[in-house]
Number of protein chains: 2
Amino acid sequence: MTSQDLSRYCEDVAKRAKLAAAALVQVSDSAKNMWLKKSAERLRQQSDVILQANEKDIQAAPEFGLTDAQIDRLRLNSERIDSIAGALEQIAMLPSPIGRIIDSSVRPNGLRIDKVRVPLGVVFFIYESRPNVTADAAAICMKSGNAVILRGGKEAAHSSQAIVDILAQVATECGLPADAVQLVATRDRAAVGHFLKLDQCIDVAIPRGGEGLIRRVTSEATMPVIKHFDGNCHVYVDAAADLDKALQIVVNSKCQRMGVCNAAESLVLHQAIAAAFLPKLAEAFQPFQIEMRGDAAARTILDSIQPATDEDFAAEYLGPIISIKIVSSLDEAINHINHYSSGHTEAIVTNDLQASQQFTNRIDSSAVMVNASTRFNDGGEFGLGAEIGISTDKFHARGPCGIDELTSYKYVVHGDGQIR
Amino acid sequence: MTSQDLSRYCEDVAKRAKLAAAALVQVSDSAKNMWLKKSAERLRQQSDVILQANEKDIQAAPEFGLTDAQIDRLRLNSERIDSIAGALEQIAMLPSPIGRIIDSSVRPNGLRIDKVRVPLGVVFFIYESRPNVTADAAAICMKSGNAVILRGGKEAAHSSQAIVDILAQVATECGLPADAVQLVATRDRAAVGHFLKLDQCIDVAIPRGGEGLIRRVTSEATMPVIKHFDGNCHVYVDAAADLDKALQIVVNSKCQRMGVCNAAESLVLHQAIAAAFLPKLAEAFQPFQIEMRGDAAARTILDSIQPATDEDFAAEYLGPIISIKIVSSLDEAINHINHYSSGHTEAIVTNDLQASQQFTNRIDSSAVMVNASTRFNDGGEFGLGAEIGISTDKFHARGPCGIDELTSYKYVVHGDGQIR
């Protein structure tokens with residue numbers, strides 16, 4: 001495609017998405033649910049077609065330089081297709097956010113002011129690799145009444161196209177606008193830049209991937225962006241902690257799944273319990289081969305602890321390393337965390353009510369856990385159903401973004417001839 | 001100031017605002033209310049000081065090319081200072097949004113998930129002329145726990161500085177961080193550009209003024225912007241309208257205050273009532289000297305109607321002109337309005353339940369009125385207390401922005417040792 005053709009193509013996709021979004025306003029929740037359930041059925045029925053497409057992606061994978069782990073995440077089988085279908089069925093069971101009255105009042109002059117949830121409109125979703133994300137994102141956007149433009153990773157292009165073909169076909173069968181779910185058909189990287197300029201048609205951009213992608217989208221976008229930056233998550237073990245619980249929570253937060261954003265990267269210990277806690281922790285970390293990097297106070301307690309630099313305290317390792325800071329007070333802990341944290345998830349382990357209140361009030365992160373693992377900051381665990389990402393922004397949406405977070409609202413005012 | 005000095009000054013102001021915001025998290029609502037009430041008292045007591053400062057602005061006004069009407073709006077007297085003080089007292093009476101649990105659930109594993117309102121952090125507010133906005137904005141931001149950087153119009157510089165000096169002085173007396181309310185001390189236009197790059201310290205920018213200002217802020221800002229674009233507001237008189245009510249609502253929407261964003265600029269009439277309605281309307285408009293500009297169908301009904309162009313239907317006149325479109329169906333009315341509207345406020349006059357439901361569901365504007373004047377789209381009229389603007393965005397905040405709209409939320413999760 002020439003640059004001009006590409007620009008025209010992107011505009012056409014965006015305009016069709018906007019028209020589809022306007023049409024979606026008149027589609028009932030039961031029609032959307034029908035689409036979700038029929039799509040699930042069809043994905044299972046046509047798993048052969050999807051697997052054939054997936055095979056093309058797998059064969060092309062070495063050319064994109066994918067690692068074995070990445071190829072494994074890309075690979076579909078009938079079990080994985082079944083789980084993609086199951087996710088659609090679960091989203092169908094969620095109550096519709098659209099049309100819900102989220103606030104209502106009657107004014108002294110008799111006006112009834114209802115604040116009503118409405119879709120945002122058109123979502124531009126830019127993501128990497130795994131094909132299941134394609135179906136999830138389409139389902140979440142459509143359930144919340146939004147049209148979506150999907151820009152998936154080139155590695156999964158064939159698998160994603162096969163899935164979107166089915167979703168769009170079933171949409172037509174269910175009386176939904178087929179353009180409500182569109183996959184960007186070109187691999188040209190410049191397409192993203194074109195879409196990011198089309199704020200007349202696109203209401204929000206959601207990048208999901210590495211920091212470079214998110215920074216690029218944020219700087220180029222003319223529409224709002226929901227950002228999902230890294231998680232430098234902390235666990236603080238207070239002087240009044242139950243040390244057995246603390247041990248379990250630290251180990252779970254760090255080791256249960258190391259490569260995810262809500263895994264702990266840094267441990268903050270009150271000096272009163274540090275000497276008792278650290279040796280036990282080192283033992284519990286052993287099977288997971290976690291490298292401990294600490295400040296001077298931590299290293300006097302345990303020889304095996306390596307020195308931690310300022311970069312360590314700021315790092316999101318996403319792997320078997322943890323930084324350790326010893327503090328002399330709750331206040332010092334809170335200041336340290338608010339300074340180094342990326343605002344994702346922090347936990348306190350304590351039996352002191354005042355300490356828990358101070359911590360939850362003053363820590364400025366999307367989720368603050370008291371006596372629970374950082375790993376719980378997740379749409380599914382919070383009961384939101386599916387999620388399209390975890391926002392590290394404070395504007396519009398914070399933390400897990402489910403169907404409610406893809407909505408806006410309008411005021412619907414009923415009167416009987418009132419004038420000012 | 002040199003460019004480097006200016007840059008350093010802006011950074012210093014922003015950093016101090018961020019520290020003040022962090023300190024505000026620990027300030028109780030009663031301390032904030034005390035600040036509001038004492039500030040009101042002090043503004044009244046020190047009205048001499050404020051009036052002297054205001055006199056300087058009035059004397060400088062011709063040099064800025066202000067019109068008589070603008071000078072009148074700039075002028076303070078003891079009555080106007082009393083009303084500024086009264087607004088602060090009213091804001092003190094609003095319930096605090098901060099710490100409010102806006103959603104809560106207990107998960108099957110026993111985790112309690114509370115969604116808790118928190119301040120956004122630091123607000124950068126850029127506005128024009130009237131000094132009362134200075135006090136209002138400071139009060140709304142502080143009540144919702146935010147620090148604010150005020151960039152007022154140069155025309156009101158002395159008045160605003162006198163007011164902010166009092167607010168900051170009282171803040172110190174009430175144990176609030178004085179830097180929570182800062183007025184930008186330089187008139188250099190480049191300062192705005194510097195602040196708009198400081199997204200590490202500033203959480204949201206709110207421009208209030210002409211379209212040029214809002215476009216500039218939107219394109220330069222690295223942080224989210226709450227935009228308040230124009231209001232091309234419509235009244236649609238349905239076939240099933242009570243024509244007496246319709247007449248009152250159209251006249252009130254258009255004429256009660258013509259220069260404001262929620263005044264009606266365009267009238268859409270169902271053809272079934274157009275011939276009966278238009279002559280009465282022309283008569284009712286007479287005392288207000290409203291010029292009517294209509295499509296061909298309207299002009300066959302009434303000779304006095306001037307022809308309306310496409311630009312007329314898109315115009316926000318803010319003055320004594322109204323555009324008129326005759327439609328043959330509700331559907332045509334909705335499509336016309338969604339095409340030309342700026343998404344601010346639209347009204348339907350009808351006694352048909354289905355028509356009202358279609359209209360409220362499908363019109364994509366911040367407020368949709370049924371049998372009421374467009375002029376009610378206002379924070380005060382909606383019961384929000386004060387407002388810092390009316391958002392024409394769909395992201396984060398839509399319609400009148402009061403103290404709730406200057407908040408975010410965080411998830412506070414209470415467990416008893418839960419791990420995944």
# chains A, B, ... in the order shown; residues from 1 in each chain; ligands from 1
$ residues_around --residues "Ser160 (chain A)" --least-positions-apart "6" --cutoff "9 Å" --atoms "only C-alpha atoms" --output "PyMOL selection string"
chain A and resi 50+53-54+130-135+152-153+183
$ select_by_dssp --residues "region 215-279 of chain A" --states "strand (DSSP E or B)" --output "VMD selection string"
chain A and resid 225 233 to 237 264 to 270
$ atom_distance --atom1 "CA of Arg293 (chain B)" --atom2 "CA of Thr309 (chain B)"
8.4 Å
$ closest_atom_pairs --of "chain A" --to "chain B" --cutoff "6 Å" --atoms "only C-alpha atoms" --output "tab-separated table"
residue	atom	partner	partner_atom	distance
A:Lys245	CA	B:Gly417	CA	5.5
A:Ser366	CA	B:Lys410	CA	4.9
A:Ala367	CA	B:Tyr411	CA	4.5
A:Val368	CA	B:Val412	CA	5.0
A:Met369	CA	B:Val413	CA	4.7
A:Val370	CA	B:His414	CA	4.8
A:Asn371	CA	B:Gly417	CA	4.9
A:Ala372	CA	B:Gln418	CA	4.8
A:Ser373	CA	B:Ile419	CA	5.2
A:Lys394	CA	B:Ser408	CA	5.7
A:His396	CA	B:His396	CA	3.8
A:Ser408	CA	B:Lys394	CA	5.7
A:Lys410	CA	B:Ser366	CA	4.9
A:Tyr411	CA	B:Ala367	CA	4.5
A:Val412	CA	B:Val368	CA	4.9
A:Val413	CA	B:Met369	CA	4.7
A:His414	CA	B:Val370	CA	4.9
A:Gly415	CA	B:Asn371	CA	5.1
A:Asp416	CA	B:Asn371	CA	5.4
A:Gly417	CA	B:Asn371	CA	5.0
A:Gln418	CA	B:Ala372	CA	4.8
A:Ile419	CA	B:Ser373	CA	5.2
$ write_last_selection --atoms "N, CA and C atoms" --output "PDB file, in the first residue's frame"
ATOM      1  N   LYS A 245       2.192 -15.642  58.180  1.00  0.00           N
ATOM      2  CA  LYS A 245       1.408 -15.088  57.067  1.00  0.00           C
ATOM      3  C   LYS A 245       2.301 -14.268  56.147  1.00  0.00           C
ATOM      4  N   SER A 366      -2.830   1.737  42.503  1.00  0.00           N
ATOM      5  CA  SER A 366      -4.163   1.330  42.037  1.00  0.00           C
ATOM      6  C   SER A 366      -4.809   0.337  42.992  1.00  0.00           C
ATOM      7  N   ALA A 367      -4.014  -0.515  43.624  1.00  0.00           N
ATOM      8  CA  ALA A 367      -4.567  -1.430  44.619  1.00  0.00           C
ATOM      9  C   ALA A 367      -3.641  -1.525  45.812  1.00  0.00           C
ATOM     10  N   VAL A 368      -4.217  -1.485  47.003  1.00  0.00           N
ATOM     11  CA  VAL A 368      -3.461  -1.602  48.244  1.00  0.00           C
ATOM     12  C   VAL A 368      -4.037  -2.792  49.005  1.00  0.00           C
ATOM     13  N   MET A 369      -3.189  -3.785  49.247  1.00  0.00           N
ATOM     14  CA  MET A 369      -3.628  -5.024  49.875  1.00  0.00           C
ATOM     15  C   MET A 369      -3.259  -5.027  51.354  1.00  0.00           C
ATOM     16  N   VAL A 370      -4.170  -5.470  52.205  1.00  0.00           N
ATOM     17  CA  VAL A 370      -3.858  -5.677  53.611  1.00  0.00           C
ATOM     18  C   VAL A 370      -3.909  -7.176  53.863  1.00  0.00           C
ATOM     19  N   ASN A 371      -2.778  -7.737  54.246  1.00  0.00           N
ATOM     20  CA  ASN A 371      -2.683  -9.170  54.542  1.00  0.00           C
ATOM     21  C   ASN A 371      -3.170 -10.048  53.384  1.00  0.00           C
ATOM     22  N   ALA A 372      -2.770  -9.681  52.173  1.00  0.00           N
ATOM     23  CA  ALA A 372      -3.085 -10.517  51.013  1.00  0.00           C
ATOM     24  C   ALA A 372      -2.006 -10.316  49.962  1.00  0.00           C
ATOM     25  N   SER A 373      -1.879 -11.263  49.092  1.00  0.00           N
ATOM     26  CA  SER A 373      -0.841 -11.262  48.058  1.00  0.00           C
ATOM     27  C   SER A 373      -1.092 -10.161  47.023  1.00  0.00           C
ATOM     28  N   LYS A 394      -4.466   7.468  36.786  1.00  0.00           N
ATOM     29  CA  LYS A 394      -5.483   7.804  37.789  1.00  0.00           C
ATOM     30  C   LYS A 394      -6.712   8.409  37.123  1.00  0.00           C
ATOM     31  N   HIS A 396      -9.833   8.581  34.622  1.00  0.00           N
ATOM     32  CA  HIS A 396     -10.870   7.718  34.026  1.00  0.00           C
ATOM     33  C   HIS A 396     -10.912   6.339  34.672  1.00  0.00           C
ATOM     34  N   SER A 408     -18.773   5.549  29.460  1.00  0.00           N
ATOM     35  CA  SER A 408     -18.871   6.909  29.960  1.00  0.00           C
ATOM     36  C   SER A 408     -20.274   7.015  30.577  1.00  0.00           C
ATOM     37  N   LYS A 410     -24.049   9.713  30.548  1.00  0.00           N
ATOM     38  CA  LYS A 410     -24.671  10.983  30.195  1.00  0.00           C
ATOM     39  C   LYS A 410     -25.757  11.276  31.211  1.00  0.00           C
ATOM     40  N   TYR A 411     -26.120  12.549  31.306  1.00  0.00           N
ATOM     41  CA  TYR A 411     -27.214  12.923  32.192  1.00  0.00           C
ATOM     42  C   TYR A 411     -28.510  12.919  31.390  1.00  0.00           C
ATOM     43  N   VAL A 412     -29.488  12.163  31.873  1.00  0.00           N
ATOM     44  CA  VAL A 412     -30.815  12.175  31.260  1.00  0.00           C
ATOM     45  C   VAL A 412     -31.742  12.863  32.254  1.00  0.00           C
ATOM     46  N   VAL A 413     -32.325  13.969  31.819  1.00  0.00           N
ATOM     47  CA  VAL A 413     -33.080  14.829  32.734  1.00  0.00           C
ATOM     48  C   VAL A 413     -34.549  14.822  32.319  1.00  0.00           C
ATOM     49  N   HIS A 414     -35.416  14.437  33.238  1.00  0.00           N
ATOM     50  CA  HIS A 414     -36.843  14.443  32.943  1.00  0.00           C
ATOM     51  C   HIS A 414     -37.541  15.589  33.660  1.00  0.00           C
ATOM     52  N   GLY A 415     -38.277  16.384  32.882  1.00  0.00           N
ATOM     53  CA  GLY A 415     -39.013  17.492  33.465  1.00  0.00           C
ATOM     54  C   GLY A 415     -40.455  17.478  33.019  1.00  0.00           C
ATOM     55  N   ASP A 416     -41.134  18.546  33.350  1.00  0.00           N
ATOM     56  CA  ASP A 416     -42.542  18.667  32.978  1.00  0.00           C
ATOM     57  C   ASP A 416     -42.774  20.113  32.531  1.00  0.00           C
ATOM     58  N   GLY A 417     -41.808  20.608  31.743  1.00  0.00           N
ATOM     59  CA  GLY A 417     -41.924  21.981  31.272  1.00  0.00           C
ATOM     60  C   GLY A 417     -41.065  22.970  32.032  1.00  0.00           C
ATOM     61  N   GLN A 418     -40.142  22.483  32.875  1.00  0.00           N
ATOM     62  CA  GLN A 418     -39.310  23.403  33.677  1.00  0.00           C
ATOM     63  C   GLN A 418     -38.460  24.337  32.803  1.00  0.00           C
ATOM     64  N   ILE A 419     -38.449  25.607  33.215  1.00  0.00           N
ATOM     65  CA  ILE A 419     -37.549  26.588  32.590  1.00  0.00           C
ATOM     66  C   ILE A 419     -36.831  27.350  33.700  1.00  0.00           C
TER      67      ILE A 419
END
$ select_by_dssp --residues "region 29-232 of chain B" --states "helix (DSSP H, G or I)" --output "ChimeraX atom specification"
/B:29-45,47-64,68-74,78-93,131-143,154-173,178-180,190-196,211-220
$ residues_around --residues "Asp238 (chain B)" --least-positions-apart "6" --cutoff "9 Å" --atoms "only C-alpha atoms" --output "PyMOL selection string"
chain B and resi 268-273+329-330+333+348-352+355
$ write_last_selection --atoms "N, CA and C atoms" --output "PDB file, in the first residue's frame"
ATOM      1  N   VAL B 268     -35.188  22.178  16.105  1.00  0.00           N
ATOM      2  CA  VAL B 268     -35.586  21.140  15.158  1.00  0.00           C
ATOM      3  C   VAL B 268     -37.074  20.904  15.383  1.00  0.00           C
ATOM      4  N   LEU B 269     -37.857  21.025  14.298  1.00  0.00           N
ATOM      5  CA  LEU B 269     -39.323  20.921  14.430  1.00  0.00           C
ATOM      6  C   LEU B 269     -39.855  19.763  13.610  1.00  0.00           C
ATOM      7  N   HIS B 270     -40.736  18.995  14.203  1.00  0.00           N
ATOM      8  CA  HIS B 270     -41.429  17.975  13.408  1.00  0.00           C
ATOM      9  C   HIS B 270     -42.407  18.681  12.474  1.00  0.00           C
ATOM     10  N   GLN B 271     -42.466  18.206  11.231  1.00  0.00           N
ATOM     11  CA  GLN B 271     -43.293  18.896  10.223  1.00  0.00           C
ATOM     12  C   GLN B 271     -44.778  18.952  10.612  1.00  0.00           C
ATOM     13  N   ALA B 272     -45.211  17.995  11.448  1.00  0.00           N
ATOM     14  CA  ALA B 272     -46.632  17.953  11.817  1.00  0.00           C
ATOM     15  C   ALA B 272     -47.057  19.162  12.645  1.00  0.00           C
ATOM     16  N   ILE B 273     -46.124  19.776  13.369  1.00  0.00           N
ATOM     17  CA  ILE B 273     -46.482  20.908  14.239  1.00  0.00           C
ATOM     18  C   ILE B 273     -45.833  22.226  13.799  1.00  0.00           C
ATOM     19  N   SER B 329     -39.456  13.098  10.657  1.00  0.00           N
ATOM     20  CA  SER B 329     -39.539  11.992  11.617  1.00  0.00           C
ATOM     21  C   SER B 329     -38.592  12.226  12.785  1.00  0.00           C
ATOM     22  N   LEU B 330     -38.846  11.521  13.860  1.00  0.00           N
ATOM     23  CA  LEU B 330     -37.957  11.536  15.030  1.00  0.00           C
ATOM     24  C   LEU B 330     -36.567  11.079  14.623  1.00  0.00           C
ATOM     25  N   ALA B 333     -34.676  13.742  13.045  1.00  0.00           N
ATOM     26  CA  ALA B 333     -34.271  14.723  14.063  1.00  0.00           C
ATOM     27  C   ALA B 333     -33.021  14.251  14.799  1.00  0.00           C
ATOM     28  N   ILE B 348     -35.720  17.458  24.117  1.00  0.00           N
ATOM     29  CA  ILE B 348     -36.893  17.071  23.329  1.00  0.00           C
ATOM     30  C   ILE B 348     -38.120  17.556  24.092  1.00  0.00           C
ATOM     31  N   VAL B 349     -39.092  18.085  23.351  1.00  0.00           N
ATOM     32  CA  VAL B 349     -40.382  18.391  23.965  1.00  0.00           C
ATOM     33  C   VAL B 349     -41.381  17.423  23.342  1.00  0.00           C
ATOM     34  N   THR B 350     -41.953  16.574  24.169  1.00  0.00           N
ATOM     35  CA  THR B 350     -42.873  15.555  23.665  1.00  0.00           C
ATOM     36  C   THR B 350     -43.711  14.991  24.807  1.00  0.00           C
ATOM     37  N   ASN B 351     -44.880  14.447  24.451  1.00  0.00           N
ATOM     38  CA  ASN B 351     -45.647  13.669  25.421  1.00  0.00           C
ATOM     39  C   ASN B 351     -45.663  12.197  25.044  1.00  0.00           C
ATOM     40  N   ASP B 352     -44.847  11.834  24.058  1.00  0.00           N
ATOM     41  CA  ASP B 352     -44.796  10.454  23.565  1.00  0.00           C
ATOM     42  C   ASP B 352     -43.656   9.730  24.273  1.00  0.00           C
ATOM     43  N   ALA B 355     -40.983   8.221  21.981  1.00  0.00           N
ATOM     44  CA  ALA B 355     -40.124   9.249  21.380  1.00  0.00           C
ATOM     45  C   ALA B 355     -39.085   9.719  22.387  1.00  0.00           C
TER      46      ALA B 355
END
$ residues_around --residues "Ile301 (chain B)" --least-positions-apart "4" --cutoff "12 Å" --atoms "only C-alpha atoms" --output "PDB file with C-alpha atoms, in the first residue's frame"
ATOM      1  CA  GLN B 271     -43.293  18.896  10.223  1.00  0.00           C
ATOM      2  CA  ILE B 273     -46.482  20.908  14.239  1.00  0.00           C
ATOM      3  CA  ALA B 274     -44.218  23.313  12.354  1.00  0.00           C
ATOM      4  CA  ALA B 275     -46.967  25.398  10.748  1.00  0.00           C
ATOM      5  CA  ALA B 276     -48.826  25.821  14.030  1.00  0.00           C
ATOM      6  CA  PHE B 277     -45.692  26.460  16.070  1.00  0.00           C
ATOM      7  CA  LEU B 278     -43.488  28.804  14.032  1.00  0.00           C
ATOM      8  CA  PRO B 279     -45.775  31.879  13.957  1.00  0.00           C
ATOM      9  CA  LYS B 280     -46.270  31.710  17.726  1.00  0.00           C
ATOM     10  CA  ALA B 282     -41.782  34.341  15.984  1.00  0.00           C
ATOM     11  CA  GLY B 294     -34.330  28.197   8.566  1.00  0.00           C
ATOM     12  CA  ASP B 295     -34.308  25.569   5.855  1.00  0.00           C
ATOM     13  CA  ALA B 296     -36.619  25.759   2.817  1.00  0.00           C
ATOM     14  CA  ALA B 297     -39.527  24.086   4.615  1.00  0.00           C
ATOM     15  CA  ILE B 305     -37.243  33.460   8.270  1.00  0.00           C
ATOM     16  CA  GLN B 306     -33.837  33.971   6.622  1.00  0.00           C
ATOM     17  CA  ILE B 324     -34.350  26.058  12.315  1.00  0.00           C
ATOM     18  CA  ILE B 326     -37.927  20.912   9.827  1.00  0.00           C
TER      19      ILE B 326
END
$ residues_around --residues "Leu384 (chain B)" --least-positions-apart "6" --cutoff "9 Å" --atoms "only C-alpha atoms" --output "VMD selection string"
chain B and resid 94 378 400 to 404
$ residues_around --residues "region 37-39 of chain A" --least-positions-apart "6" --cutoff "12 Å" --atoms "only C-alpha atoms" --output "PDB file with C-alpha atoms, in the first residue's frame"
ATOM      1  CA  SER A  30     -29.618 -10.050  24.781  1.00  0.00           C
ATOM      2  CA  ALA A  31     -28.532  -9.681  21.154  1.00  0.00           C
ATOM      3  CA  GLN A  45     -17.049 -25.924  15.594  1.00  0.00           C
ATOM      4  CA  GLN A  46     -14.527 -24.263  13.331  1.00  0.00           C
ATOM      5  CA  SER A  47     -11.463 -25.058  15.390  1.00  0.00           C
ATOM      6  CA  ILE A  81      -9.761 -22.749  21.640  1.00  0.00           C
ATOM      7  CA  ASP A  82     -12.247 -24.198  24.095  1.00  0.00           C
ATOM      8  CA  ILE A  84     -11.203 -18.855  24.408  1.00  0.00           C
ATOM      9  CA  ALA A  85     -14.830 -19.851  23.760  1.00  0.00           C
ATOM     10  CA  GLY A  86     -15.446 -20.301  27.483  1.00  0.00           C
ATOM     11  CA  ALA A  87     -14.275 -16.734  28.154  1.00  0.00           C
ATOM     12  CA  LEU A  88     -16.875 -15.419  25.693  1.00  0.00           C
ATOM     13  CA  GLU A  89     -19.581 -17.407  27.465  1.00  0.00           C
ATOM     14  CA  GLN A  90     -18.518 -15.939  30.804  1.00  0.00           C
ATOM     15  CA  ILE A  91     -18.652 -12.396  29.441  1.00  0.00           C
ATOM     16  CA  ALA A  92     -22.180 -13.122  28.176  1.00  0.00           C
ATOM     17  CA  MET A  93     -23.215 -13.819  31.776  1.00  0.00           C
ATOM     18  CA  ALA A 135     -11.396 -12.726  21.150  1.00  0.00           C
ATOM     19  CA  ASP A 136     -11.320 -11.390  24.726  1.00  0.00           C
ATOM     20  CA  ALA A 138     -13.630  -8.001  21.021  1.00  0.00           C
ATOM     21  CA  ALA A 139     -16.003  -9.532  23.571  1.00  0.00           C
ATOM     22  CA  LYS A 143     -20.486  -6.280  25.661  1.00  0.00           C
ATOM     23  CA  ILE A 163     -11.039 -15.620  14.920  1.00  0.00           C
ATOM     24  CA  VAL A 164     -12.247 -12.175  13.815  1.00  0.00           C
ATOM     25  CA  ASP A 165     -13.757 -13.626  10.621  1.00  0.00           C
ATOM     26  CA  ILE A 166     -15.910 -15.887  12.776  1.00  0.00           C
ATOM     27  CA  LEU A 167     -16.869 -13.108  15.209  1.00  0.00           C
ATOM     28  CA  ALA A 168     -17.877 -10.761  12.367  1.00  0.00           C
ATOM     29  CA  GLN A 169     -19.817 -13.491  10.561  1.00  0.00           C
ATOM     30  CA  VAL A 170     -21.789 -14.338  13.720  1.00  0.00           C
ATOM     31  CA  ALA A 171     -22.356 -10.610  14.364  1.00  0.00           C
ATOM     32  CA  THR A 172     -24.140 -10.331  11.024  1.00  0.00           C
ATOM     33  CA  GLU A 173     -26.230 -13.393  11.860  1.00  0.00           C
ATOM     34  CA  CYS A 174     -27.252 -11.857  15.205  1.00  0.00           C
TER      35      CYS A 174
END
$ closest_residue --among "A:Glu220, A:Ser83, A:Asp48, A:Leu353" --to "Ala240 (chain A)" --atoms "only C-alpha atoms"
A:Leu353
